[in-house]
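Here is the file my_file.cif (mmCIF, C-alpha atoms and all ligand atoms).
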data_model
loop_
_atom_site.label_atom_id
_atom_site.label_comp_id
_atom_site.auth_asym_id
_atom_site.auth_seq_id
_atom_site.Cartn_x
_atom_site.Cartn_y
_atom_site.Cartn_z
CA MET E 1 0.00 0.00 0.00
CA PHE E 2 1.52 3.28 -1.13
CA LYS E 3 1.50 6.05 1.43
CA PRO E 4 0.79 9.32 -0.47
CA LEU E 5 3.62 11.85 -0.70
CA HIS E 6 3.05 15.58 -0.33
CA GLY E 7 4.87 18.63 -1.54
CA GLU E 8 4.52 22.34 -2.08
CA CYS E 9 6.12 25.31 -3.79
CA GLN E 10 8.60 27.57 -2.00
CA CYS E 11 5.90 29.93 -0.65
CA GLY E 12 3.34 27.21 0.18
CA GLN E 13 0.56 28.62 -2.01
CA VAL E 14 0.43 25.44 -4.13
CA LYS E 15 0.28 22.06 -2.44
CA TYR E 16 0.11 18.71 -4.25
CA GLU E 17 -0.26 15.02 -3.51
CA LEU E 18 1.26 11.99 -5.20
CA THR E 19 -0.85 8.87 -4.71
CA ALA E 20 1.19 6.24 -6.59
CA PRO E 21 4.87 5.32 -6.63
CA GLU E 22 7.23 6.70 -9.25
CA PHE E 23 8.49 4.74 -12.24
CA VAL E 24 11.98 6.09 -11.80
CA ALA E 25 13.82 8.86 -9.96
CA TYR E 26 16.87 10.57 -11.40
CA THR E 27 18.74 13.83 -11.62
CA CYS E 28 18.83 15.83 -14.87
CA HIS E 29 21.91 17.91 -15.66
CA CYS E 30 20.62 19.50 -18.89
CA ARG E 31 21.01 23.25 -19.37
CA ALA E 32 17.23 23.77 -19.14
CA CYS E 33 17.17 22.12 -15.69
CA GLN E 34 20.18 24.14 -14.58
CA LYS E 35 18.31 27.30 -15.57
CA LEU E 36 15.03 26.06 -14.07
CA SER E 37 16.59 25.21 -10.71
CA SER E 38 19.25 27.92 -10.75
CA SER E 39 21.52 25.08 -9.69
CA ALA E 40 23.59 22.16 -10.99
CA PHE E 41 20.73 19.76 -11.73
CA SER E 42 17.07 19.02 -11.08
CA ILE E 43 15.73 16.02 -9.13
CA CYS E 44 12.99 14.34 -11.17
CA MET E 45 10.46 11.57 -10.65
CA GLN E 46 8.50 10.07 -13.53
CA VAL E 47 5.02 9.48 -12.09
CA PRO E 48 1.60 8.46 -13.45
CA ALA E 49 -0.18 11.69 -14.49
CA GLU E 50 -3.43 10.70 -12.76
CA ALA E 51 -1.60 10.13 -9.46
CA LEU E 52 -0.29 13.70 -9.20
CA ASN E 53 -2.89 16.26 -8.15
CA ILE E 54 -2.85 19.83 -6.90
CA THR E 55 -4.74 19.91 -3.59
CA GLN E 56 -4.46 23.64 -2.89
CA GLY E 57 -3.63 26.86 -4.71
CA ASN E 58 -3.09 27.93 -8.31
CA ALA E 59 -0.39 26.82 -10.70
CA ALA E 60 0.18 28.40 -14.11
CA SER E 61 1.68 26.57 -17.07
CA ARG E 62 3.91 27.43 -19.96
CA VAL E 63 4.91 25.40 -23.00
CA ARG E 64 8.34 25.20 -24.55
CA VAL E 65 9.69 23.03 -27.34
CA ALA E 66 12.17 20.51 -25.92
CA ASP E 67 15.35 19.41 -27.73
CA SER E 68 13.42 16.30 -28.80
CA GLY E 69 10.96 18.52 -30.71
CA ASN E 70 8.11 17.60 -28.33
CA ASP E 71 6.13 20.22 -26.45
CA LEU E 72 7.06 20.33 -22.79
CA THR E 73 4.42 21.93 -20.55
CA SER E 74 5.62 22.95 -17.11
CA TRP E 75 3.58 24.13 -14.15
CA PHE E 76 4.78 26.63 -11.60
CA CYS E 77 3.40 28.61 -8.65
CA THR E 78 1.74 31.87 -9.73
CA VAL E 79 3.07 33.62 -6.61
CA CYS E 80 6.64 32.43 -6.01
CA GLY E 81 7.42 30.90 -9.42
CA SER E 82 8.67 27.54 -8.12
CA ALA E 83 8.62 24.87 -10.83
CA LEU E 84 6.46 21.94 -9.72
CA PHE E 85 6.07 19.41 -12.53
CA ALA E 86 6.10 19.01 -16.30
CA GLN E 87 4.50 16.93 -19.02
CA ASN E 88 5.95 15.88 -22.37
CA SER E 89 3.44 15.84 -25.26
CA ALA E 90 4.80 12.45 -26.35
CA ARG E 91 3.93 10.88 -22.96
CA PRO E 92 0.54 12.28 -21.87
CA ARG E 93 0.06 9.67 -19.14
CA ILE E 94 3.28 10.54 -17.33
CA ARG E 95 4.36 13.63 -15.47
CA THR E 96 7.82 14.65 -14.39
CA LEU E 97 7.65 15.81 -10.80
CA TYR E 98 10.40 18.21 -9.70
CA ALA E 99 11.04 16.26 -6.56
CA GLY E 100 12.97 18.95 -4.73
CA THR E 101 9.51 20.36 -3.94
CA LEU E 102 8.49 17.27 -1.91
CA ASP E 103 8.12 17.75 1.84
CA ASN E 104 10.73 15.00 2.26
CA PRO E 105 13.05 15.08 -0.75
CA ASP E 106 15.44 12.79 1.13
CA MET E 107 12.88 10.01 0.44
CA VAL E 108 13.42 10.22 -3.34
CA PRO E 109 15.17 7.00 -4.47
CA VAL E 110 17.46 8.54 -7.11
CA SER E 111 19.19 5.76 -9.04
CA ALA E 112 20.13 7.38 -12.36
CA HIS E 113 21.52 10.60 -13.82
CA ILE E 114 20.81 12.00 -17.28
CA TRP E 115 22.44 14.59 -19.55
CA ILE E 116 25.71 14.06 -17.70
CA LYS E 117 27.60 15.48 -20.66
CA ARG E 118 26.34 18.82 -19.30
CA LYS E 119 27.17 17.92 -15.68
CA LEU E 120 29.17 20.52 -13.76
CA PRO E 121 32.67 19.14 -13.16
CA TRP E 122 32.50 19.19 -9.35
CA VAL E 123 29.33 17.05 -9.17
CA VAL E 124 30.40 13.51 -8.20
CA LEU E 125 27.89 10.72 -8.89
CA PRO E 126 27.60 7.45 -6.94
CA GLN E 127 29.41 4.73 -8.91
CA GLN E 128 26.57 2.19 -8.68
CA HIS E 129 24.03 4.56 -10.28
CA ARG E 130 23.14 4.44 -13.97
CA THR E 131 24.20 7.37 -16.13
CA PHE E 132 23.15 8.60 -19.57
CA ASP E 133 25.10 11.12 -21.69
CA GLY E 134 21.79 12.53 -22.95
CA ALA E 135 18.12 11.75 -22.34
CA GLY E 136 17.35 8.75 -20.13
CA ASP E 137 15.83 5.50 -21.36
CA TRP E 138 13.20 4.26 -18.92
CA SER E 139 11.69 1.52 -21.11
CA GLU E 140 12.79 -1.07 -18.55
CA GLU E 141 11.00 0.71 -15.70
CA TYR E 142 7.85 1.18 -17.78
CA ALA E 143 7.95 -2.46 -18.95
CA ASN E 144 8.11 -3.57 -15.32
CA ASP E 145 4.84 -1.80 -14.64
CA MET E 146 2.72 -1.88 -17.78
CA SER E 147 -0.47 -1.85 -15.75
CA ARG E 148 0.21 1.82 -15.00
CA TYR E 149 1.86 2.82 -18.25
CA LYS E 150 0.57 2.10 -21.72
CA PRO E 151 2.44 4.51 -24.01
CA GLU E 152 0.34 3.68 -27.09
CA ASP E 153 -3.01 4.56 -25.47
ZN ZN T 201 4.61 29.47 -4.32
ZN ZN T 202 16.72 18.50 -17.64
#
In structure tokens, how does this file's structure come out?
Amino acid sequence: MFKPLHGECQCGQVKYELTAPEFVAYTCHCRACQKLSSSAFSICMQVPAEALNITQGNAASRVRVADSGNDLTSWFCTVCGSALFAQNSARPRIRTLYAGTLDNPDMVPVSAHIWIKRKLPWVVLPQQHRTFDGAGDWSEEYANDMSRYKPED
């Protein structure tokens, strides 16, 4: 039984709940995430879209075209601007939660790191974790849980 996880933006105006476990948790070192987080990388969780719901407050969205050519919609707090989650037009049933906004980000089971060709040189990754030079490939994680993820729907 999954115990729901909760998070909120920096100012607390927007609160959300995640009611199902993630497919995968990773850090992204792409330039867009460095800009988004004003830091070295973002902490991301791929989660079922229907399991991630705003429970309080207002989030606004904006769309940008990702390097893949897909539209990437991201949601952020209308008051403090914190980025909360994003959705890729190619994967409508999945959302990318920016897991640094969770109440307990230390619970996030990061096991992989993507876009490490953009990684800042002083960031040292655990040796046992998977790494990808560019975008991650989560087909294994999705295949392990096809009941929650059917990409061709
Ligand atoms: Zn806020
Ligand atoms: Zn990124």
So, with all atoms listed in the file as the atoms that count, which of E:Ala32, E:Cys80, E:Leu5, E:Ala143 lies closest to ligand ZN 201 (chain T)? E:Cys80
What does the distance from CA of Cys28 in chain E to CA of Ile43 in chain E come to in Å, to one decimal? 6.5 Å
Closest-contact table, range 1-44 of chain E side, partner range 107-122 of chain E, 9 Å, counting only C-alpha atoms, as JSON lines:
{"residue": "E:Val24", "atom": "CA", "partner": "E:Val110", "partner_atom": "CA", "distance": 7.6}
{"residue": "E:Ala25", "atom": "CA", "partner": "E:Val110", "partner_atom": "CA", "distance": 4.6}
{"residue": "E:Tyr26", "atom": "CA", "partner": "E:Ala112", "partner_atom": "CA", "distance": 4.7}
{"residue": "E:Thr27", "atom": "CA", "partner": "E:His113", "partner_atom": "CA", "distance": 4.8}
{"residue": "E:Cys28", "atom": "CA", "partner": "E:Ile114", "partner_atom": "CA", "distance": 4.9}
{"residue": "E:His29", "atom": "CA", "partner": "E:Trp115", "partner_atom": "CA", "distance": 5.1}
{"residue": "E:Cys30", "atom": "CA", "partner": "E:Trp115", "partner_atom": "CA", "distance": 5.3}
{"residue": "E:Arg31", "atom": "CA", "partner": "E:Arg118", "partner_atom": "CA", "distance": 6.9}
{"residue": "E:Ala40", "atom": "CA", "partner": "E:Leu120", "partner_atom": "CA", "distance": 6.4}
{"residue": "E:Phe41", "atom": "CA", "partner": "E:Lys119", "partner_atom": "CA", "distance": 7.8}
{"residue": "E:Ile43", "atom": "CA", "partner": "E:Val110", "partner_atom": "CA", "distance": 7.9}
{"residue": "E:Cys44", "atom": "CA", "partner": "E:Val110", "partner_atom": "CA", "distance": 8.4}
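Based on all atoms listed in the file, the protein and nucleic acid residues found within 12 Å of ligand ZN 201 (chain T) are, by chain and then by number, Gly7, Glu8, Cys9, Gln10, Cys11, Gly12, Gln13, Val14, Lys15, Tyr16, Gln56, Gly57, Asn58, Ala59, Ala60, Trp75, Phe76, Cys77, Thr78, Val79, Cys80, Gly81, Ser82, Ala83, Leu84 and Thr101 of chain E.
Nearest to ligand ZN 202 (chain T) of all the residues E:Leu52, E:Met1, E:Leu36, E:Ala99 is E:Leu36, counting only C-alpha atoms and all ligand atoms.
In this model, the gap between CA of Ser42 in chain E and CA of Gly100 in chain E comes to 7.6 Å.
Across E:Ser74, E:Thr96, E:Asn88, E:Ser37, the tightest approach to Arg62 in chain E is made by E:Ser74 when counting only C-alpha atoms.
Of the residues under consideration (E:Val47, E:Val65, E:Val123, E:Ala86), E:Val47 shows the shortest atom-to-atom contact distance to Trp138 in chain E when counting all atoms listed in the file.
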Could you check how far CA of Pro21 in chain E sits from CA of Ser68 in chain E, in Å to one decimal? 26.2 Å
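For the set E:Met45, E:Ile54, E:Ala90, E:Val124, the residue with the smallest atom-to-atom gap to ligand ZN 202 (chain T) is E:Met45, counting only C-alpha atoms and all ligand atoms.
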Kindly provide, as number ranges by chain, the polymer residues lying within 7 Å of (6.8, 5.7, -18.1), counting all atoms listed in the file and using the coordinates exactly as they appear in the file. E: 23, 46, 94, 138, 141-142, 149
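When all atoms listed in the file are used to measure the gap to ligand ZN 202 (chain T), the shortest distance among E:Glu50, E:Glu17, E:Asp67, E:His129 belongs to E:Asp67.
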